[in-house]
Amino acid sequence: MGLLSEGLTQLLIPLAALVGLAFALLQWFLVSRVKVSGSYSEGNGYKDKLIGEAEEGVDSLEVTIKVAEIQNAISIGATSFLFTQYRYLSIFVGVFSAIIFLFLGSVKGFSTKSEPCTYNTGNTCKPALANAFFTTIAFLLGALTSVLSGFFGMKIATYANARTTLEARRGVGKAFITAFRSGAVMGFLLAANGLLVLYITINLFKLYYGDDWEGLYESITGYGLGGSSMALFGRVGGGIYTKAADVGADLVGKVERNIPEDDPRNPAVIADNVGDNVGDIAGMGSDLFGSYAESSCAALFVASISSFGISHDFTAMSYPLIISSMGIVVCLITTLFATDLFEIKKVSEIEPSLKRQLLISTVLMTAGIAGVTFVALPSEFTLFSFGTNKAVKNWYLFFCVAIGLWAGLVIGYTTEYYTSNAYSPVQDVADSCRTGAATNVIFGLALGYKSVIIPVFAIAFAIYVSFSMAAMYGIAVAALGMLSTISTGLAIDAYGPISDNAGGIAEMAGMSHEIRERTDALDAAGNTTAAIGKGFAIGSAALVSLALFGAYVSRAGIETVDVLTPKVFIGLLVGAMLPYWFSAMTMKSVGSAALKMVEEVRRQFNTIPGLMEGTAKPDYATCVKISTDASLKEMIPPGALVMLTPLIAGTFFGVETLAGILAGSLVSGVQIAISASNTGGAWDNAKKYIEAGASEHAKSLGPKGSDPHKAAVIGDTIGDPLKDTSGPSLNILIKLMAVESLVFAPFFAAHGGVLFKWL
């Protein structure tokens with residue numbers, strides 16, 4: 001046994017989650033002290049502060065009222081889209097719950113008799129029907145938590161965007177703190193929520209399962225499946241929504257009509273700002289929650305069939321949850337560095353401050369993991385490794401988690417190097433705009449492909465070390481290590497869309513040029529951090545899905561996956577093709593939705609008299625409707641592709657072909673996801689580099705509206721669906737197919753491979 005008693009473990013895990021929730025509420029309270037409304041009373045002490053610095057020629061009160069109006073429009077748009085999306089998803093959840101119950105229940109012909117355990121031989125385990133029932137419940141809980149993570153994130157972002165804009169009048173440091181705090185609310189809510197629900201679920205299921213931990217943790221895998229399946233639709237639907245609006249607004253507004261980004265005359269401008277919240281915030285929240293839930297489930301499942309589970313050592317069994325609890329505490333300390341300990345005075349300090357967050361949380365977390373590992377785990381134990389048991393010492397696991405954590409940092413910094421306009425790769429892309437859009441596209445694609453090299457080596461190194469030390473469990477906890485600082489990662493990530501919205505609101509409310517420059521500086525840093533967040537999500541997805549793959553292979557009773565057997569090899573080929581098929585669907589969906597949007601925006605400019613002069617108001621609602629309808633209709637085919645592939649492959653072709661498909665999709669999906677995200681991020685920041693005109697080189701390419709700038713806008717527009725729809729959705733494809741295969745593994749092992757049985 002480790003030093004930590006079971007009673008203490010049962011106390012500390014929920015305590016850490018509650019501390020995280022309390023901290024999120026505190027940050028929210030601090031953000032809410034910035035008032036956004038048309039009426040000011042003397043009593044709240046903010047009158048002199050906010051109205052003290054009147055804008056040139058604009059009455060400050062008028063601006064504030066306008067800001068409040070715009071914020072309200074964005075909030076209503078985002079909320080109504082998510083509610084419509086959740087209505088569709090509730091149908092999917094109902095149908096899929098039934099599928100889970102029927103497939104898993106039929107493994108032993110719906111019998112209610114206890115049966116011998118699969119791994120812990122000589123003992124009896126609960127019936128397969130119970131596993132079917134509890135897996136379905138876990139699936140519903142995971143889906144609900146995932147949806148709530150996304151929804152609360154969106155609510156906080158739409159609450160904070162206008163407050164960031166108003167704070168920008170008091171200086172860039174104040175605006176930064178408001179945006180960052182709001183991101184932290186989302187990060188801590190999500191991490192604490194995910195941990196708390198998982199902890200409560202395990203304890204409730206234990207009331208029925210008692211000593212049958214094998215069945216208990218097998219049914220918990222449904223939690224990861226629920227989380228990720230919601231994330232898939234949230235990411236794809238939100239991504240199509242946001243990019244249809246963005247591409248439509250940019251092409252007609254900036255390229256054809258030469259009006260600035262987020263100009264209130266542009267009919268697609270509200271849809272564009274709503275899109276940032278439903279795609280980048282709600283989608284990202286669900287996505288990272290899915291990763292977190294799955295890596296916990298994979299680690300718990302592998303541990304339950306190892307000595308921890310067989311000897312019923314609850315503290316060692318809960319090691320994945322204890323790591324996450326430690327992560328919440330570490331991120332809490334890290335957040336204080338950004339908001340309270342160092343103040344940002346200049347624009348140039350924004351990006352270093354965000355990068356410092358990553359470094360501080362990683363260093364502190366390394367110390368935290370060391371402490372947790374020696375307290376929670378026995379000094380020696382055995383782990384299940386493909387039919388054999390591997391003897392492991394507790395410090396091996398410290399290395400596994402730490403290596404995942406540091407690999408995440410390497411991926412984050414590499415992504416930043418390739419997508420930030422402070423370094424040469426993006427500046428080269430910007431420079432290539434001199435000769436037009438074609439060279440810009442060529443340079444951008446090359447940059448994306450090149451940016452895959454270091455992250456892949458980092459992932460490969462992490463996999464090799466953690467597997468040699470602690471088999472599949474090592475890989476699962478390495479993924480958890482990468483995600484252990486999820487609160488900080490999400491805070492940095494959500495900061496981006498919030499600053500983006502703040503800039504849009506400043507432009508629409510007609511605030512001064514100086515304010516717009518401040519929000520632009522926040523936004524450019526946010527673009528890079530969003531790319532870092534995507535890098536984390538993809539890196540952790542690779543590790544998570546490999547761990548799930550290992551758990552699936554163990555559960556399906558496959559001794560070895562032999563690439564030379566035709567069954568497996570055809571699976572590999574098809575699996576490697578799936579990310580391309582999926583990307584084709586999502587890209588085309590964005591393209592066709594953007595086409596409708598461009599036509600609508602053009603129609604309004606041509607037919608509404610006085611729109612260009614600013615005397616008539618555009619019809620924002622039609623553009624919002626186009627984006628909503630397109631995304632809801634178009635999210636179904638890619639979602640169906642991902643959800644049905646494992647079911648069809650496992651049922652008709654059997655467990656080995658499915659193993660091939662999982663391996664193939666993992667290997668090819670990681671490459672496409674990283675290159676798509678970084679190409680898009682680099683094009684976006686090359687455009688921002690030219691627009692900002694901060695260096696002599698950038699000035700020679702600008703100003704806005706010059707030929708190189710127009711070429712950069714075209715690159716940015718092509719990159720939009722890559723970095724915000726296809727790229728980030730691919731990491732969900734990789735994880736989701738693996739976790740789904742694991743959940744249905746008992747069925748595939750018993751009844752799968754129908755076609756090969758006939759042939």
# chains A, B, ... in the order shown; residues from 1 in each chain; ligands from 1
call {"tool": "select_by_dssp", "arguments": {"residues": "stretch 273-511 of chain A", "states": "strand (DSSP E)", "output": "list in words"}}
result
Glu380, Phe381, Thr382, Leu383, Phe384, Ser385, Thr388, Asn389, Lys390, Ala391, Val392 and Lys393 of chain A
call {"tool": "write_last_selection", "arguments": {"atoms": "N, CA, C and O atoms", "output": "PDB file, in the first residue's frame"}}
result
ATOM      1  N   GLU A 380       6.314  -1.192  -5.069  1.00  0.00           N
ATOM      2  CA  GLU A 380       6.394  -2.108  -6.217  1.00  0.00           C
ATOM      3  C   GLU A 380       5.024  -2.716  -6.465  1.00  0.00           C
ATOM      4  O   GLU A 380       4.272  -2.957  -5.533  1.00  0.00           O
ATOM      5  N   PHE A 381       4.709  -2.961  -7.741  1.00  0.00           N
ATOM      6  CA  PHE A 381       3.414  -3.568  -8.087  1.00  0.00           C
ATOM      7  C   PHE A 381       3.511  -4.119  -9.503  1.00  0.00           C
ATOM      8  O   PHE A 381       4.535  -3.937 -10.170  1.00  0.00           O
ATOM      9  N   THR A 382       2.487  -4.816  -9.959  1.00  0.00           N
ATOM     10  CA  THR A 382       2.533  -5.336 -11.331  1.00  0.00           C
ATOM     11  C   THR A 382       1.426  -4.685 -12.160  1.00  0.00           C
ATOM     12  O   THR A 382       0.366  -4.334 -11.647  1.00  0.00           O
ATOM     13  N   LEU A 383       1.722  -4.513 -13.465  1.00  0.00           N
ATOM     14  CA  LEU A 383       0.739  -3.933 -14.387  1.00  0.00           C
ATOM     15  C   LEU A 383       0.465  -4.919 -15.512  1.00  0.00           C
ATOM     16  O   LEU A 383       1.371  -5.618 -15.973  1.00  0.00           O
ATOM     17  N   PHE A 384      -0.782  -4.945 -15.957  1.00  0.00           N
ATOM     18  CA  PHE A 384      -1.191  -5.855 -17.027  1.00  0.00           C
ATOM     19  C   PHE A 384      -0.589  -5.389 -18.341  1.00  0.00           C
ATOM     20  O   PHE A 384      -0.691  -4.230 -18.706  1.00  0.00           O
ATOM     21  N   SER A 385       0.073  -6.300 -19.054  1.00  0.00           N
ATOM     22  CA  SER A 385       0.670  -5.913 -20.332  1.00  0.00           C
ATOM     23  C   SER A 385       0.435  -7.030 -21.344  1.00  0.00           C
ATOM     24  O   SER A 385       1.219  -7.976 -21.420  1.00  0.00           O
ATOM     25  N   THR A 388       0.510 -10.613 -20.050  1.00  0.00           N
ATOM     26  CA  THR A 388       1.508 -10.909 -19.008  1.00  0.00           C
ATOM     27  C   THR A 388       1.434  -9.812 -17.948  1.00  0.00           C
ATOM     28  O   THR A 388       0.819  -8.773 -18.169  1.00  0.00           O
ATOM     29  N   ASN A 389       2.073 -10.046 -16.816  1.00  0.00           N
ATOM     30  CA  ASN A 389       2.127  -8.998 -15.806  1.00  0.00           C
ATOM     31  C   ASN A 389       3.539  -8.450 -15.729  1.00  0.00           C
ATOM     32  O   ASN A 389       4.504  -9.200 -15.686  1.00  0.00           O
ATOM     33  N   LYS A 390       3.655  -7.117 -15.722  1.00  0.00           N
ATOM     34  CA  LYS A 390       4.967  -6.481 -15.737  1.00  0.00           C
ATOM     35  C   LYS A 390       5.228  -5.882 -14.354  1.00  0.00           C
ATOM     36  O   LYS A 390       4.379  -5.166 -13.819  1.00  0.00           O
ATOM     37  N   ALA A 391       6.392  -6.200 -13.762  1.00  0.00           N
ATOM     38  CA  ALA A 391       6.724  -5.638 -12.443  1.00  0.00           C
ATOM     39  C   ALA A 391       7.196  -4.194 -12.622  1.00  0.00           C
ATOM     40  O   ALA A 391       8.023  -3.902 -13.491  1.00  0.00           O
ATOM     41  N   VAL A 392       6.636  -3.293 -11.812  1.00  0.00           N
ATOM     42  CA  VAL A 392       6.914  -1.861 -11.972  1.00  0.00           C
ATOM     43  C   VAL A 392       7.186  -1.252 -10.600  1.00  0.00           C
ATOM     44  O   VAL A 392       6.568  -1.633  -9.616  1.00  0.00           O
ATOM     45  N   LYS A 393       8.133  -0.295 -10.542  1.00  0.00           N
ATOM     46  CA  LYS A 393       8.364   0.452  -9.288  1.00  0.00           C
ATOM     47  C   LYS A 393       7.638   1.795  -9.402  1.00  0.00           C
ATOM     48  O   LYS A 393       7.411   2.288 -10.507  1.00  0.00           O
TER      49      LYS A 393
END
call {"tool": "residues_around", "arguments": {"residues": "A:Arg265", "least_positions_apart": "6", "cutoff": "12 Å", "atoms": "only C-alpha atoms", "output": "ChimeraX atom specification"}}
result
/A:249,252-254,257-259,507-510,601-602,604-605,608-620
call {"tool": "write_last_selection", "arguments": {"atoms": "C-alpha atoms", "output": "short mmCIF file (atom, residue, chain, number, x, y, z; two decimals), in the first residue's frame"}}
result
data_model
loop_
_atom_site.label_atom_id
_atom_site.label_comp_id
_atom_site.auth_asym_id
_atom_site.auth_seq_id
_atom_site.Cartn_x
_atom_site.Cartn_y
_atom_site.Cartn_z
CA ALA A 249 -17.32 38.30 -43.90
CA VAL A 252 -16.82 40.34 -49.33
CA GLY A 253 -15.90 42.84 -46.62
CA LYS A 254 -12.13 43.03 -46.79
CA ARG A 257 -15.48 46.21 -50.37
CA ASN A 258 -12.24 47.25 -48.64
CA ILE A 259 -13.90 47.80 -45.27
CA GLU A 507 -14.73 48.14 -33.99
CA MET A 508 -18.52 47.83 -34.14
CA ALA A 509 -19.07 50.31 -31.32
CA GLY A 510 -16.89 52.84 -33.16
CA VAL A 601 -23.54 39.48 -47.96
CA ARG A 602 -23.14 40.60 -51.59
CA GLN A 604 -27.26 42.97 -48.98
CA PHE A 605 -24.51 45.35 -50.11
CA ILE A 608 -29.89 47.77 -49.23
CA PRO A 609 -29.56 51.49 -50.07
CA GLY A 610 -27.24 53.44 -47.76
CA LEU A 611 -25.54 50.34 -46.32
CA MET A 612 -22.01 51.27 -47.48
CA GLU A 613 -22.53 54.88 -46.33
CA GLY A 614 -23.49 53.64 -42.88
CA THR A 615 -26.97 55.19 -42.92
CA ALA A 616 -28.88 51.89 -43.15
CA LYS A 617 -28.49 48.82 -40.89
CA PRO A 618 -27.65 45.41 -42.41
CA ASP A 619 -29.83 42.37 -41.79
CA TYR A 620 -27.61 40.43 -39.36
#
call {"tool": "closest_residue", "arguments": {"among": "A:Phe314, A:Phe337, A:Phe151, A:Phe180", "to": "A:Thr9", "atoms": "only C-alpha atoms"}}
result
A:Phe314
call {"tool": "closest_atom_pairs", "arguments": {"of": "stretch 169-225 of chain A", "to": "stretch 534-558 of chain A", "cutoff": "12 Å", "atoms": "only C-alpha atoms", "output": "JSON lines"}}
result
{"residue": "A:Glu214", "atom": "CA", "partner": "A:Arg555", "partner_atom": "CA", "distance": 10.8}
{"residue": "A:Gly215", "atom": "CA", "partner": "A:Arg555", "partner_atom": "CA", "distance": 11.5}
{"residue": "A:Tyr217", "atom": "CA", "partner": "A:Ala551", "partner_atom": "CA", "distance": 11.6}
{"residue": "A:Glu218", "atom": "CA", "partner": "A:Arg555", "partner_atom": "CA", "distance": 9.2}
{"residue": "A:Thr221", "atom": "CA", "partner": "A:Leu548", "partner_atom": "CA", "distance": 9.6}
{"residue": "A:Gly224", "atom": "CA", "partner": "A:Leu548", "partner_atom": "CA", "distance": 10.3}
{"residue": "A:Leu225", "atom": "CA", "partner": "A:Leu548", "partner_atom": "CA", "distance": 11.0}
call {"tool": "closest_residue", "arguments": {"among": "A:Met587, A:Leu647, A:Arg356, A:Val197", "to": "A:Leu742", "atoms": "only C-alpha atoms"}}
result
A:Leu647
call {"tool": "residues_around", "arguments": {"residues": "A:Ile674", "least_positions_apart": "5", "cutoff": "9 Å", "atoms": "only C-alpha atoms", "output": "ChimeraX atom specification"}}
result
/A:415,448-449,451-452,455,534-535,538-539,669,679,727-728
call {"tool": "residues_around", "arguments": {"residues": "stretch 118-126 of chain A", "least_positions_apart": "3", "cutoff": "6 Å", "atoms": "only C-alpha atoms", "output": "list in words"}}
result
Ser114, Glu115 and Asp212 of chain A
call {"tool": "write_last_selection", "arguments": {"atoms": "N, CA, C and O atoms", "output": "short mmCIF file (atom, residue, chain, number, x, y, z; two decimals), in the first residue's frame"}}
result
data_model
loop_
_atom_site.label_atom_id
_atom_site.label_comp_id
_atom_site.auth_asym_id
_atom_site.auth_seq_id
_atom_site.Cartn_x
_atom_site.Cartn_y
_atom_site.Cartn_z
N SER A 114 -24.51 -14.17 -12.76
CA SER A 114 -23.10 -13.79 -12.60
C SER A 114 -22.25 -14.72 -13.45
O SER A 114 -22.65 -15.86 -13.73
N GLU A 115 -21.06 -14.24 -13.84
CA GLU A 115 -20.22 -15.08 -14.70
C GLU A 115 -18.77 -14.98 -14.26
O GLU A 115 -18.41 -14.05 -13.55
N ASP A 212 -16.31 -6.24 -7.58
CA ASP A 212 -16.07 -6.52 -9.00
C ASP A 212 -15.55 -5.25 -9.69
O ASP A 212 -16.28 -4.57 -10.39
#
call {"tool": "residues_around", "arguments": {"residues": "A:Ile100", "least_positions_apart": "5", "cutoff": "12 Å", "atoms": "only C-alpha atoms", "output": "PyMOL selection string"}}
result
chain A and resi 93-95+105-107+129+131-140+219+221-222+225-226+643+647+740-747
call {"tool": "residues_around", "arguments": {"residues": "stretch 591-599 of chain A", "least_positions_apart": "3", "cutoff": "10 Å", "atoms": "only C-alpha atoms", "output": "PyMOL selection string"}}
result
chain A and resi 240-253+267-268+585-588+602-604+622-631+634+718+721
call {"tool": "residues_around", "arguments": {"residues": "A:Ser32", "least_positions_apart": "3", "cutoff": "10 Å", "atoms": "only C-alpha atoms", "output": "PyMOL selection string"}}
result
chain A and resi 26-29+35-36+159-160+163+178+182
call {"tool": "select_by_dssp", "arguments": {"residues": "stretch 289-391 of chain A", "states": "helix (DSSP H, G or I)", "output": "PyMOL selection string"}}
result
chain A and resi 289-304+307-310+314-317+319-341+347-376
call {"tool": "atom_distance", "arguments": {"atom1": "atom CA of A:Val278", "atom2": "atom CA of A:Phe83"}}
result
11.0 Å
call {"tool": "closest_residue", "arguments": {"among": "A:Phe188, A:Trp683, A:Trp581, A:Tyr413", "to": "A:Leu358", "atoms": "only C-alpha atoms"}}
result
A:Tyr413
call {"tool": "atom_distance", "arguments": {"atom1": "atom CA of A:Ala462", "atom2": "atom CA of A:Leu198"}}
result
26.2 Å
